[in-house]
file work08.txt (compact mmCIF, C-alpha atoms)
# COMPACT_ATOMS: atom_id res chain seq x y z
CA MET A 1 20.14 19.73 13.86
CA GLU A 2 21.80 16.52 15.06
CA LYS A 3 23.39 14.50 12.26
CA LYS A 4 22.04 10.96 11.98
CA SER A 5 24.42 8.01 11.94
CA LYS A 6 24.47 5.68 8.92
CA PHE A 7 22.95 2.93 11.05
CA LYS A 8 20.08 5.20 12.15
CA ILE A 9 19.44 6.17 8.51
CA PHE A 10 19.41 2.47 7.56
CA LEU A 11 16.91 1.67 10.33
CA ASN A 12 14.67 4.51 9.17
CA GLN A 13 14.86 3.20 5.60
CA LEU A 14 13.71 -0.22 6.81
CA LEU A 15 10.93 1.44 8.82
CA ILE A 16 9.70 3.28 5.72
CA ALA A 17 9.92 0.08 3.67
CA SER A 18 7.94 -1.83 6.30
CA VAL A 19 5.16 0.76 6.32
CA LEU A 20 5.05 0.83 2.50
CA PHE A 21 4.91 -2.95 2.28
CA GLY A 22 2.63 -3.48 5.28
CA THR A 23 0.13 -0.93 3.98
CA LEU A 24 -0.12 -2.74 0.64
CA VAL A 25 -0.22 -6.32 1.96
CA GLY A 26 -3.92 -6.46 2.80
CA ALA A 27 -6.22 -9.43 2.57
CA GLY A 28 -5.95 -9.93 -1.17
CA PHE A 29 -2.17 -9.90 -1.38
CA ALA A 30 -1.38 -11.78 1.84
CA SER A 31 -3.94 -14.48 1.04
CA GLY A 32 -2.59 -15.04 -2.48
CA LYS A 33 -5.89 -14.24 -4.20
CA GLU A 34 -4.81 -10.85 -5.49
CA THR A 35 -1.41 -12.21 -6.59
CA TRP A 36 -3.12 -14.94 -8.61
CA TYR A 37 -5.58 -12.54 -10.22
CA TYR A 38 -3.06 -9.83 -11.14
CA PHE A 39 0.14 -11.81 -11.80
CA ALA A 40 0.38 -15.59 -11.43
CA SER A 41 -2.54 -16.38 -13.76
CA PHE A 42 -0.52 -14.91 -16.67
CA GLY A 43 2.14 -17.61 -16.52
CA THR A 44 5.71 -16.64 -17.39
CA PHE A 45 4.83 -13.04 -18.17
CA GLY A 46 3.42 -12.74 -14.70
CA TYR A 47 7.04 -12.60 -13.50
CA PHE A 48 7.95 -9.84 -15.95
CA SER A 49 4.90 -7.89 -14.82
CA ILE A 50 6.00 -8.42 -11.19
CA LEU A 51 9.34 -6.74 -12.01
CA LEU A 52 7.43 -3.96 -13.75
CA ALA A 53 5.17 -3.57 -10.72
CA GLY A 54 8.25 -3.32 -8.48
CA VAL A 55 9.74 -0.54 -10.60
CA ILE A 56 6.43 1.35 -10.75
CA PHE A 57 5.98 0.97 -7.01
CA PHE A 58 9.49 2.34 -6.35
CA LEU A 59 8.79 5.41 -8.49
CA CYS A 60 5.33 5.97 -6.98
CA ALA A 61 6.66 5.59 -3.43
CA LEU A 62 9.33 8.19 -4.18
CA LEU A 63 6.70 10.47 -5.71
CA PHE A 64 4.27 10.35 -2.78
CA LEU A 65 6.89 10.40 -0.01
CA ASN A 66 8.63 13.43 -1.55
CA PHE A 67 5.26 15.06 -2.22
CA GLY A 68 4.40 14.78 1.47
CA LYS A 69 7.83 16.10 2.49
CA LYS A 70 7.71 19.14 0.16
CA MET A 71 4.13 20.04 0.93
CA GLY A 72 4.17 19.18 4.64
CA ILE A 73 1.07 17.01 4.29
CA ASN A 74 -0.71 16.50 7.62
CA SER A 75 -4.35 15.79 6.69
CA VAL A 76 -6.51 14.43 3.87
CA GLN A 77 -8.05 17.88 3.39
CA HIS A 78 -4.64 19.50 3.08
CA MET A 79 -3.49 16.96 0.49
CA ASN A 80 -6.65 17.22 -1.61
CA LYS A 81 -6.61 21.03 -1.44
CA ILE A 82 -3.10 21.06 -2.92
CA MET A 83 -4.02 18.46 -5.56
CA PHE A 84 -7.46 19.62 -6.69
CA GLY A 85 -7.79 23.24 -5.55
CA LYS A 86 -11.43 24.40 -5.60
CA PHE A 87 -12.53 20.87 -6.54
CA ALA A 88 -10.91 19.43 -3.41
CA ILE A 89 -14.23 18.42 -1.84
CA ILE A 90 -14.98 16.16 -4.83
CA GLY A 91 -11.57 14.53 -4.54
CA GLU A 92 -12.09 14.02 -0.82
CA MET A 93 -15.49 12.40 -1.28
CA VAL A 94 -14.22 10.02 -3.97
CA MET A 95 -11.24 9.09 -1.81
CA VAL A 96 -13.26 8.52 1.35
CA LEU A 97 -16.03 6.52 -0.35
CA SER A 98 -13.44 4.37 -2.12
CA ASN A 99 -11.54 3.80 1.10
CA ILE A 100 -14.74 2.74 2.88
CA ILE A 101 -15.38 0.17 0.12
CA LEU A 102 -11.80 -1.08 0.38
CA LEU A 103 -12.15 -1.29 4.16
CA ALA A 104 -15.28 -3.37 3.58
CA SER A 105 -13.21 -5.72 1.41
CA MET A 106 -10.74 -6.14 4.31
CA PHE A 107 -13.61 -7.08 6.63
CA ALA A 108 -14.95 -9.45 3.96
CA GLY A 109 -11.46 -10.95 3.75
CA ALA A 110 -11.41 -11.50 7.51
CA ASN A 111 -14.71 -13.37 7.29
CA SER A 112 -13.47 -15.53 4.38
CA LEU A 113 -10.25 -16.20 6.26
CA PHE A 114 -11.90 -17.53 9.41
CA GLN A 115 -14.57 -19.44 7.53
CA ILE A 116 -11.77 -21.88 6.66
CA ILE A 117 -11.89 -22.87 10.35
CA VAL A 118 -15.50 -21.99 11.20
CA THR A 119 -17.52 -23.20 8.23
CA SER A 120 -20.78 -21.38 9.07
CA THR A 121 -21.66 -18.87 6.34
CA SER A 122 -23.20 -16.58 8.95
CA PHE A 123 -19.87 -16.23 10.77
CA ARG A 124 -19.07 -12.51 11.09
CA LEU A 125 -17.13 -12.34 14.34
CA ALA A 126 -13.81 -12.13 12.46
CA SER A 127 -14.68 -8.77 10.88
CA VAL A 128 -15.85 -7.42 14.25
CA ILE A 129 -12.58 -8.38 15.96
CA THR A 130 -10.60 -6.95 13.03
CA ALA A 131 -12.50 -3.68 13.28
CA ILE A 132 -11.91 -3.41 17.02
CA ILE A 133 -8.14 -3.95 16.66
CA ALA A 134 -7.96 -1.40 13.82
CA LEU A 135 -9.97 1.12 15.86
CA VAL A 136 -7.71 0.87 18.91
CA ILE A 137 -4.52 1.34 16.85
CA VAL A 138 -6.00 4.28 14.91
CA TRP A 139 -6.92 5.96 18.20
CA PHE A 140 -3.23 5.79 19.19
CA GLY A 141 -2.40 7.95 16.16
CA PHE A 142 0.06 7.71 13.28
CA GLY A 143 2.83 6.28 15.45
CA GLY A 144 0.76 3.16 16.06
CA ILE A 145 0.45 2.59 12.31
CA THR A 146 4.21 2.72 11.68
CA LYS A 147 4.98 0.33 14.52
CA VAL A 148 2.46 -2.38 13.63
CA ASN A 149 3.72 -2.59 10.03
CA VAL A 150 7.27 -3.53 11.04
CA ILE A 151 6.31 -7.11 11.97
CA ILE A 152 4.54 -8.06 8.74
CA VAL A 153 7.55 -8.27 6.37
CA PRO A 154 9.42 -11.15 8.06
CA LEU A 155 6.17 -13.00 8.78
CA ILE A 156 4.97 -12.98 5.17
CA LEU A 157 8.39 -13.95 3.78
CA SER A 158 8.75 -16.82 6.28
CA VAL A 159 5.36 -18.28 5.35
CA LEU A 160 6.15 -18.07 1.64
CA ALA A 161 9.56 -19.72 2.19
CA VAL A 162 8.00 -22.68 4.01
CA CYS A 163 5.26 -23.10 1.38
CA LEU A 164 7.87 -22.93 -1.39
CA PHE A 165 10.06 -25.54 0.30
CA ALA A 166 7.09 -27.86 0.90
CA GLY A 167 5.92 -27.39 -2.69
CA SER A 168 9.31 -28.31 -4.15
CA THR A 169 8.05 -31.89 -4.53
CA HIS A 170 5.69 -30.57 -7.25
CA ILE A 171 8.52 -29.01 -9.22
CA THR A 172 8.20 -31.54 -12.06
CA SER A 173 4.70 -30.25 -12.81
CA TYR A 174 5.81 -26.61 -12.88
CA ASP A 175 5.14 -25.12 -16.32
CA ALA A 176 7.46 -22.15 -16.81
CA VAL A 177 5.88 -21.08 -20.12
CA SER A 178 2.17 -21.49 -19.40
CA ASN A 179 -0.36 -19.10 -20.91
CA PHE A 180 2.06 -17.73 -23.52
CA SER A 181 0.37 -15.30 -25.93
CA ILE A 182 0.64 -11.69 -27.09
CA ILE A 183 -2.69 -10.89 -25.44
CA ASN A 184 -1.41 -12.20 -22.12
CA ILE A 185 1.70 -10.02 -22.42
CA VAL A 186 -0.41 -6.89 -22.84
CA GLU A 187 -2.86 -7.92 -20.15
CA SER A 188 -0.10 -8.71 -17.66
CA VAL A 189 1.39 -5.23 -18.15
CA VAL A 190 -2.02 -3.56 -17.76
CA PHE A 191 -2.80 -5.56 -14.63
CA ALA A 192 0.60 -4.70 -13.10
CA ILE A 193 -0.15 -1.00 -13.58
CA LEU A 194 -3.68 -1.38 -12.17
CA PHE A 195 -2.36 -3.30 -9.17
CA ILE A 196 0.06 -0.55 -8.15
CA ALA A 197 -2.32 2.29 -9.08
CA SER A 198 -5.20 0.91 -6.99
CA ASN A 199 -2.90 0.49 -3.99
CA MET A 200 -1.40 3.96 -4.38
CA PHE A 201 -4.88 5.42 -4.54
CA PHE A 202 -5.87 4.22 -1.10
CA ALA A 203 -2.36 4.38 0.46
CA GLY A 204 -1.29 7.69 -1.08
CA PHE A 205 -2.16 9.80 1.96
CA ILE A 206 -0.37 7.41 4.34
CA PHE A 207 2.76 7.55 2.15
CA ALA A 208 2.62 11.35 1.88
CA ARG A 209 2.08 11.71 5.62
CA LEU A 210 5.01 9.38 6.25
CA GLY A 211 7.38 11.25 3.93
CA LYS A 212 7.32 14.50 5.85
CA ASP A 213 9.18 12.95 8.80
CA PHE A 214 12.25 11.67 6.92
CA SER A 215 15.25 12.92 4.93
CA LYS A 216 15.74 12.56 1.17
CA SER A 217 18.25 9.70 1.53
CA GLU A 218 15.91 7.85 3.91
CA ILE A 219 13.04 8.24 1.45
CA ILE A 220 15.11 6.89 -1.47
CA GLY A 221 16.40 3.92 0.53
CA GLY A 222 12.99 3.20 2.06
CA SER A 223 11.32 3.24 -1.36
CA PHE A 224 13.97 0.87 -2.74
CA PHE A 225 13.67 -1.64 0.11
CA GLY A 226 9.87 -1.40 0.02
CA ALA A 227 9.85 -2.18 -3.70
CA LEU A 228 12.30 -5.03 -3.09
CA PHE A 229 10.09 -6.56 -0.39
CA LEU A 230 7.05 -6.29 -2.64
CA THR A 231 8.78 -7.77 -5.71
CA ALA A 232 10.26 -10.67 -3.74
CA SER A 233 6.95 -11.47 -2.06
CA LEU A 234 4.99 -11.37 -5.32
CA ALA A 235 7.55 -13.60 -7.06
CA LEU A 236 7.62 -16.15 -4.22
CA MET A 237 3.83 -16.12 -3.96
CA SER A 238 3.48 -16.72 -7.71
CA VAL A 239 5.79 -19.75 -7.60
CA VAL A 240 3.90 -21.18 -4.61
CA LEU A 241 0.59 -20.75 -6.48
CA PHE A 242 1.99 -22.30 -9.67
CA LEU A 243 3.14 -25.34 -7.69
CA ASN A 244 -0.30 -25.69 -6.10
CA PRO A 245 -2.82 -24.74 -8.85
CA GLU A 246 -5.61 -26.77 -7.26
CA TYR A 247 -5.90 -24.17 -4.48
CA CYS A 248 -6.02 -21.04 -6.65
CA SER A 249 -9.83 -20.99 -6.85
CA SER A 250 -10.03 -20.61 -3.07
CA ASP A 251 -10.73 -17.21 -1.49
CA MET A 252 -7.54 -17.71 0.54
CA PRO A 253 -5.12 -19.79 -1.59
CA LEU A 254 -2.10 -19.36 0.70
CA VAL A 255 -4.06 -20.45 3.77
CA ALA A 256 -5.53 -23.40 1.86
CA ILE A 257 -2.03 -24.47 0.77
CA SER A 258 -0.66 -24.16 4.31
CA ASN A 259 -3.65 -26.18 5.57
CA SER A 260 -2.32 -29.15 3.61
CA LEU A 261 1.02 -28.85 5.43
CA GLY A 262 -0.34 -29.40 8.92
CA GLN A 263 -2.66 -27.76 11.40
CA GLY A 264 0.06 -25.88 13.29
CA PHE A 265 1.47 -24.21 10.20
CA SER A 266 -2.05 -23.55 8.90
CA ILE A 267 -2.95 -21.62 12.05
CA PHE A 268 0.34 -19.69 11.88
CA THR A 269 -0.33 -18.74 8.23
CA LEU A 270 -3.88 -17.73 9.08
CA ILE A 271 -2.57 -15.39 11.79
CA VAL A 272 0.06 -13.91 9.41
CA VAL A 273 -2.55 -13.25 6.69
CA TRP A 274 -4.85 -11.75 9.29
CA VAL A 275 -2.08 -9.42 10.54
CA GLY A 276 -1.45 -8.36 6.91
CA LEU A 277 -5.15 -7.68 6.52
CA ILE A 278 -5.26 -5.66 9.73
CA THR A 279 -2.32 -3.44 8.71
CA THR A 280 -4.16 -2.39 5.56
CA ALA A 281 -7.46 -1.96 7.43
CA ILE A 282 -5.65 0.36 9.86
CA ALA A 283 -4.28 2.51 7.02
CA LEU A 284 -7.71 2.77 5.41
CA LEU A 285 -9.50 3.56 8.66
CA TYR A 286 -6.89 6.17 9.58
CA THR A 287 -7.29 7.95 6.24
CA ILE A 288 -11.09 8.01 6.44
CA SER A 289 -11.22 9.03 10.10
CA ASN A 290 -8.67 11.80 9.49
CA TRP A 291 -11.16 13.37 7.08
CA LEU A 292 -14.44 12.65 8.88
CA LYS A 293 -13.26 13.89 12.29
CA ASN A 294 -13.85 17.47 11.09
CA TYR A 295 -17.53 16.63 10.63
CA PHE A 296 -18.04 14.25 13.56
CA GLY A 297 -15.99 16.25 16.04
CA SER A 298 -13.72 13.34 17.06
CA VAL A 299 -11.66 10.52 15.60
CA VAL A 300 -13.39 7.98 17.85
CA LEU A 301 -16.91 8.70 16.57
CA ALA A 302 -15.75 9.02 12.96
CA SER A 303 -13.85 5.71 13.03
CA ILE A 304 -16.69 3.78 14.72
CA THR A 305 -19.22 5.07 12.16
CA THR A 306 -16.88 4.21 9.29
CA SER A 307 -16.34 0.68 10.61
CA ALA A 308 -20.09 0.10 10.94
CA VAL A 309 -20.75 1.18 7.34
CA ALA A 310 -17.86 -0.93 6.03
CA MET A 311 -19.19 -3.92 7.97
CA LEU A 312 -22.52 -3.66 6.16
CA LEU A 313 -20.82 -3.44 2.74
CA SER A 314 -18.58 -6.43 3.46
CA GLY A 315 -21.46 -8.75 2.55
CA PHE A 316 -20.60 -8.20 -1.13
CA GLY A 317 -17.96 -10.91 -0.78
CA PHE A 318 -14.17 -10.96 -0.81
CA SER A 319 -13.60 -12.50 -4.26
CA ASN A 320 -16.12 -10.11 -5.83
CA PHE A 321 -14.25 -7.11 -4.41
CA ILE A 322 -10.97 -8.28 -5.96
CA ALA A 323 -12.45 -9.24 -9.34
CA TYR A 324 -14.79 -6.29 -9.93
CA VAL A 325 -13.97 -3.40 -7.57
CA TYR A 326 -10.16 -3.34 -7.40
CA PRO A 327 -9.63 -2.82 -11.17
CA ILE A 328 -11.97 0.20 -11.08
CA PHE A 329 -9.92 1.71 -8.27
CA GLY A 330 -6.83 1.01 -10.36
CA ILE A 331 -8.15 3.31 -13.09
CA ILE A 332 -8.95 6.02 -10.51
CA GLY A 333 -5.50 5.45 -9.03
CA ILE A 334 -3.81 6.21 -12.36
CA VAL A 335 -5.55 9.59 -12.43
CA TYR A 336 -4.54 10.16 -8.80
CA ILE A 337 -0.87 9.43 -9.51
CA VAL A 338 -0.85 11.70 -12.58
CA VAL A 339 -2.31 14.59 -10.54
CA VAL A 340 0.30 14.17 -7.78
CA ALA A 341 3.10 14.06 -10.38
CA ARG A 342 1.73 17.15 -12.14
CA VAL A 343 1.47 19.16 -8.92
CA SER A 344 4.97 18.05 -7.86
CA MET A 345 6.45 19.15 -11.21
CA LYS A 346 4.61 22.46 -11.01
CA LYS A 347 5.98 23.04 -7.53
CA GLU A 348 9.52 22.21 -8.72
CA ASN A 349 9.19 24.70 -11.60
CA GLU A 350 7.94 27.42 -9.25
CA VAL A 351 10.90 26.87 -6.91
CA THR A 352 13.34 26.93 -9.86
CA ILE A 353 11.85 30.17 -11.25
CA LYS A 354 11.90 31.78 -7.81
CA THR A 355 15.54 30.78 -7.31
CA ASP A 356 16.51 32.14 -10.74
CA LEU A 357 14.75 35.44 -9.99
CA GLU A 358 16.46 35.79 -6.62
CA LYS A 359 19.98 35.25 -8.02
CA PRO A 360 20.37 38.77 -9.55
CA ILE A 361 19.08 40.33 -6.32
CA LYS A 362 21.64 38.38 -4.28
CA VAL A 363 24.43 39.37 -6.69
CA GLN A 364 23.42 43.04 -6.51
CA THR A 365 23.34 42.86 -2.73
CA LYS A 366 26.85 41.41 -2.63
CA ILE A 367 28.13 44.14 -5.01
CA LYS A 368 26.62 46.88 -2.82
CA THR A 369 28.14 45.32 0.27
CA VAL A 370 31.60 45.18 -1.34
CA LYS A 371 31.35 48.84 -2.51
CA ALA A 372 30.27 49.92 0.97
CA LYS A 373 33.32 48.22 2.48
CA GLN A 374 35.62 49.84 -0.11
CA LYS A 375 34.30 53.32 0.76
CA LYS A 376 35.05 52.66 4.41
call {"tool": "encode", "arguments": {"input": "work08.txt", "output": "structure tokens"}}
result
Amino acid sequence: MEKKSKFKIFLNQLLIASVLFGTLVGAGFASGKETWYYFASFGTFGYFSILLAGVIFFLCALLFLNFGKKMGINSVQHMNKIMFGKFAIIGEMVMVLSNIILLASMFAGANSLFQIIVTSTSFRLASVITAIIALVIVWFGFGGITKVNVIIVPLILSVLAVCLFAGSTHITSYDAVSNFSIINIVESVVFAILFIASNMFFAGFIFARLGKDFSKSEIIGGSFFGALFLTASLALMSVVLFLNPEYCSSDMPLVAISNSLGQGFSIFTLIVVWVGLITTAIALLYTISNWLKNYFGSVVLASITTSAVAMLLSGFGFSNFIAYVYPIFGIIGIVYIVVVARVSMKKENEVTIKTDLEKPIKVQTKIKTVKAKQKK
């Protein structure tokens, strides 16, 4: 096997980090709505919970990437079979139904996003275009998913930097200790855990599938950079929202803030948020289609059917998905993470026991070989 250069390893680490971050960005995070709901609304302790979320994300990314590498994960069925054994079909159904609902929230987010420009409440073309783009990339396979995620990191960070610079004039009104209370401390910690758990639930298969193609050092570095990107983005987004509290009630706070900074920047931000939304929609659609293709006979038919169902469910509304549905998936996600950790530990113990049992046999073999040579 050809040894990779340090530069190649570094590039692969950035690729992993981009996929991790791009998969999680989605409509809620990129728009600022999810950041406000889970972090910024808690004031100062929102920043502590952001650091906590970064640490948890790093550990979870390591867990799922290594899980995929050890188990050679290549399909949703394979992953659920390892995790749940004879109850795998139940795990698959819960995962697929949840992913369809989350995909519906991405389509709802696309509609909310473009309604800022097209004010008609019946406007649904945005979700249709989003679905078509996601479908085409999914049909290209897993390689298409990794490539499209690379562009989202610099775009999101650049938008946040501009909004932060423009909002610096509001710095005198920035309250660094708002919402201080013991209840808020506990809630901020709980919400940080739910935020990561819900994202790991729907992105777990993508992470596991990704891990099987990289080395241990690449996985560690990629997880670190991915967690760094996430933590930095959440922190910057929280400051931007604090400096512009009048926009936090909007479905798309970041786009609303950018809209006040000029039409050109507003359109650029809208496109960036939309790209972030699409990257998550792609990951969700890929996961669902990977499972349903065994029943529909092809990825194309499975993905089109999935998109149609998600389009119907998107009428529930973007803000409603974030406020009521995401926390529920967070609870399911905690169970999901615990199961993956348990199976990984069990596998490690089995390997250790097997290695310990093989040691005496190897020693005996060496002794026999030495004695045979002595006789000669």
call {"tool": "residues_around", "arguments": {"input": "work08.txt", "residues": "Val239 (chain A)", "least_positions_apart": "4", "cutoff": "9 Å", "atoms": "only C-alpha atoms", "output": "PyMOL selection string"}}
result
chain A and resi 40+164+174+234-235+243-244
call {"tool": "residues_near_point", "arguments": {"input": "work08.txt", "point": "(1.2, -21.9, -4.8)", "cutoff": "8 Å", "atoms": "all atoms listed in the file", "output": "ChimeraX atom specification"}}
result
/A:163-164,167,237-245,247-248,253-254,257
call {"tool": "write_last_selection", "arguments": {"input": "work08.txt", "atoms": "C-alpha atoms", "output": "PDB file, keeping the file's coordinate frame"}}
result
ATOM      1  CA  CYS A 163       5.260 -23.100   1.380  1.00  0.00           C
ATOM      2  CA  LEU A 164       7.870 -22.930  -1.390  1.00  0.00           C
ATOM      3  CA  GLY A 167       5.920 -27.390  -2.690  1.00  0.00           C
ATOM      4  CA  MET A 237       3.830 -16.120  -3.960  1.00  0.00           C
ATOM      5  CA  SER A 238       3.480 -16.720  -7.710  1.00  0.00           C
ATOM      6  CA  VAL A 239       5.790 -19.750  -7.600  1.00  0.00           C
ATOM      7  CA  VAL A 240       3.900 -21.180  -4.610  1.00  0.00           C
ATOM      8  CA  LEU A 241       0.590 -20.750  -6.480  1.00  0.00           C
ATOM      9  CA  PHE A 242       1.990 -22.300  -9.670  1.00  0.00           C
ATOM     10  CA  LEU A 243       3.140 -25.340  -7.690  1.00  0.00           C
ATOM     11  CA  ASN A 244      -0.300 -25.690  -6.100  1.00  0.00           C
ATOM     12  CA  PRO A 245      -2.820 -24.740  -8.850  1.00  0.00           C
ATOM     13  CA  TYR A 247      -5.900 -24.170  -4.480  1.00  0.00           C
ATOM     14  CA  CYS A 248      -6.020 -21.040  -6.650  1.00  0.00           C
ATOM     15  CA  PRO A 253      -5.120 -19.790  -1.590  1.00  0.00           C
ATOM     16  CA  LEU A 254      -2.100 -19.360   0.700  1.00  0.00           C
ATOM     17  CA  ILE A 257      -2.030 -24.470   0.770  1.00  0.00           C
TER      18      ILE A 257
END
call {"tool": "residues_around", "arguments": {"input": "work08.txt", "residues": "Trp139 (chain A)", "least_positions_apart": "6", "cutoff": "9 Å", "atoms": "all atoms listed in the file", "output": "PyMOL selection string"}}
result
chain A and resi 286+299-300+303
call {"tool": "write_last_selection", "arguments": {"input": "work08.txt", "atoms": "C-alpha atoms", "output": "CSV table (one decimal), in the coordinates of the input"}}
result
chain,number,residue,atom,x,y,z
A,286,TYR,CA,-6.9,6.2,9.6
A,299,VAL,CA,-11.7,10.5,15.6
A,300,VAL,CA,-13.4,8.0,17.8
A,303,SER,CA,-13.8,5.7,13.0
call {"tool": "closest_residue", "arguments": {"input": "work08.txt", "among": "A:Val186, A:Ile152, A:Asn74, A:Ile282", "to": "Phe140 (chain A)", "atoms": "only C-alpha atoms"}}
result
A:Ile282
call {"tool": "atom_distance", "arguments": {"input": "work08.txt", "atom1": "CA of Leu113 (chain A)", "atom2": "CA of Tyr324 (chain A)"}}
result
19.5 Å
call {"tool": "atom_distance", "arguments": {"input": "work08.txt", "atom1": "CA of Ser31 (chain A)", "atom2": "CA of Met252 (chain A)"}}
result
4.9 Å
call {"tool": "atom_distance", "arguments": {"input": "work08.txt", "atom1": "CA of Ile334 (chain A)", "atom2": "CA of Lys70 (chain A)"}}
result
21.4 Å
call {"tool": "residues_around", "arguments": {"input": "work08.txt", "residues": "Leu97 (chain A)", "least_positions_apart": "5", "cutoff": "9 Å", "atoms": "only C-alpha atoms", "output": "tab-separated table (two decimals) with C-alpha atoms, in the coordinates of the input"}}
result
chain	number	residue	atom	x	y	z
A	92	GLU	CA	-12.09	14.02	-0.82
A	102	LEU	CA	-11.80	-1.08	0.38
A	288	ILE	CA	-11.09	8.01	6.44
call {"tool": "residues_around", "arguments": {"input": "work08.txt", "residues": "region 208-213 of chain A", "least_positions_apart": "2", "cutoff": "9 Å", "atoms": "all atoms listed in the file", "output": "list in words"}}
result
Ile16, Val19, Ala61, Leu62, Leu63, Phe64, Leu65, Asn66, Phe67, Gly68, Lys69, Lys70, Met71, Gly72, Ile73, Asn74, Ser75, Met79, Phe142, Thr146, Ala203, Gly204, Phe205, Ile206, Ser215, Lys216 and Ile219 of chain A
call {"tool": "residues_around", "arguments": {"input": "work08.txt", "residues": "Phe57 (chain A)", "least_positions_apart": "4", "cutoff": "10 Å", "atoms": "only C-alpha atoms", "output": "JSON, numbers by chain"}}
result
{"A": [20, 51, 52, 53, 61, 62, 63, 192, 193, 195, 196, 197, 199, 200, 223, 224, 226, 227, 228, 230, 231]}
call {"tool": "closest_residue", "arguments": {"input": "work08.txt", "among": "A:Thr306, A:Thr269, A:Ser314, A:Asn184", "to": "Ile156 (chain A)", "atoms": "all atoms listed in the file"}}
result
A:Thr269
call {"tool": "closest_residue", "arguments": {"input": "work08.txt", "among": "A:Val343, A:Ser233, A:Phe201, A:Phe265", "to": "Tyr47 (chain A)", "atoms": "only C-alpha atoms"}}
result
A:Ser233
call {"tool": "closest_residue", "arguments": {"input": "work08.txt", "among": "A:Ser217, A:Ser112, A:Asn294, A:Thr287", "to": "Lys8 (chain A)", "atoms": "all atoms listed in the file"}}
result
A:Ser217
call {"tool": "closest_residue", "arguments": {"input": "work08.txt", "among": "A:Ile328, A:Val55, A:Leu313, A:Ile133", "to": "Ala281 (chain A)", "atoms": "all atoms listed in the file"}}
result
A:Ile133
call {"tool": "axis_aligned_box", "arguments": {"input": "work08.txt", "around": "region 243-260 of chain A", "padding_each_side": "8 Å", "output": "AutoDock Vina command-line options"}}
result
--center_x -3.8 --center_y -23.2 --center_z -1.6 --size_x 29.9 --size_y 27.9 --size_z 30.4
call {"tool": "closest_residue", "arguments": {"input": "work08.txt", "among": "A:Ala108, A:Met345, A:Ile129, A:Val76", "to": "Ala88 (chain A)", "atoms": "all atoms listed in the file"}}
result
A:Val76
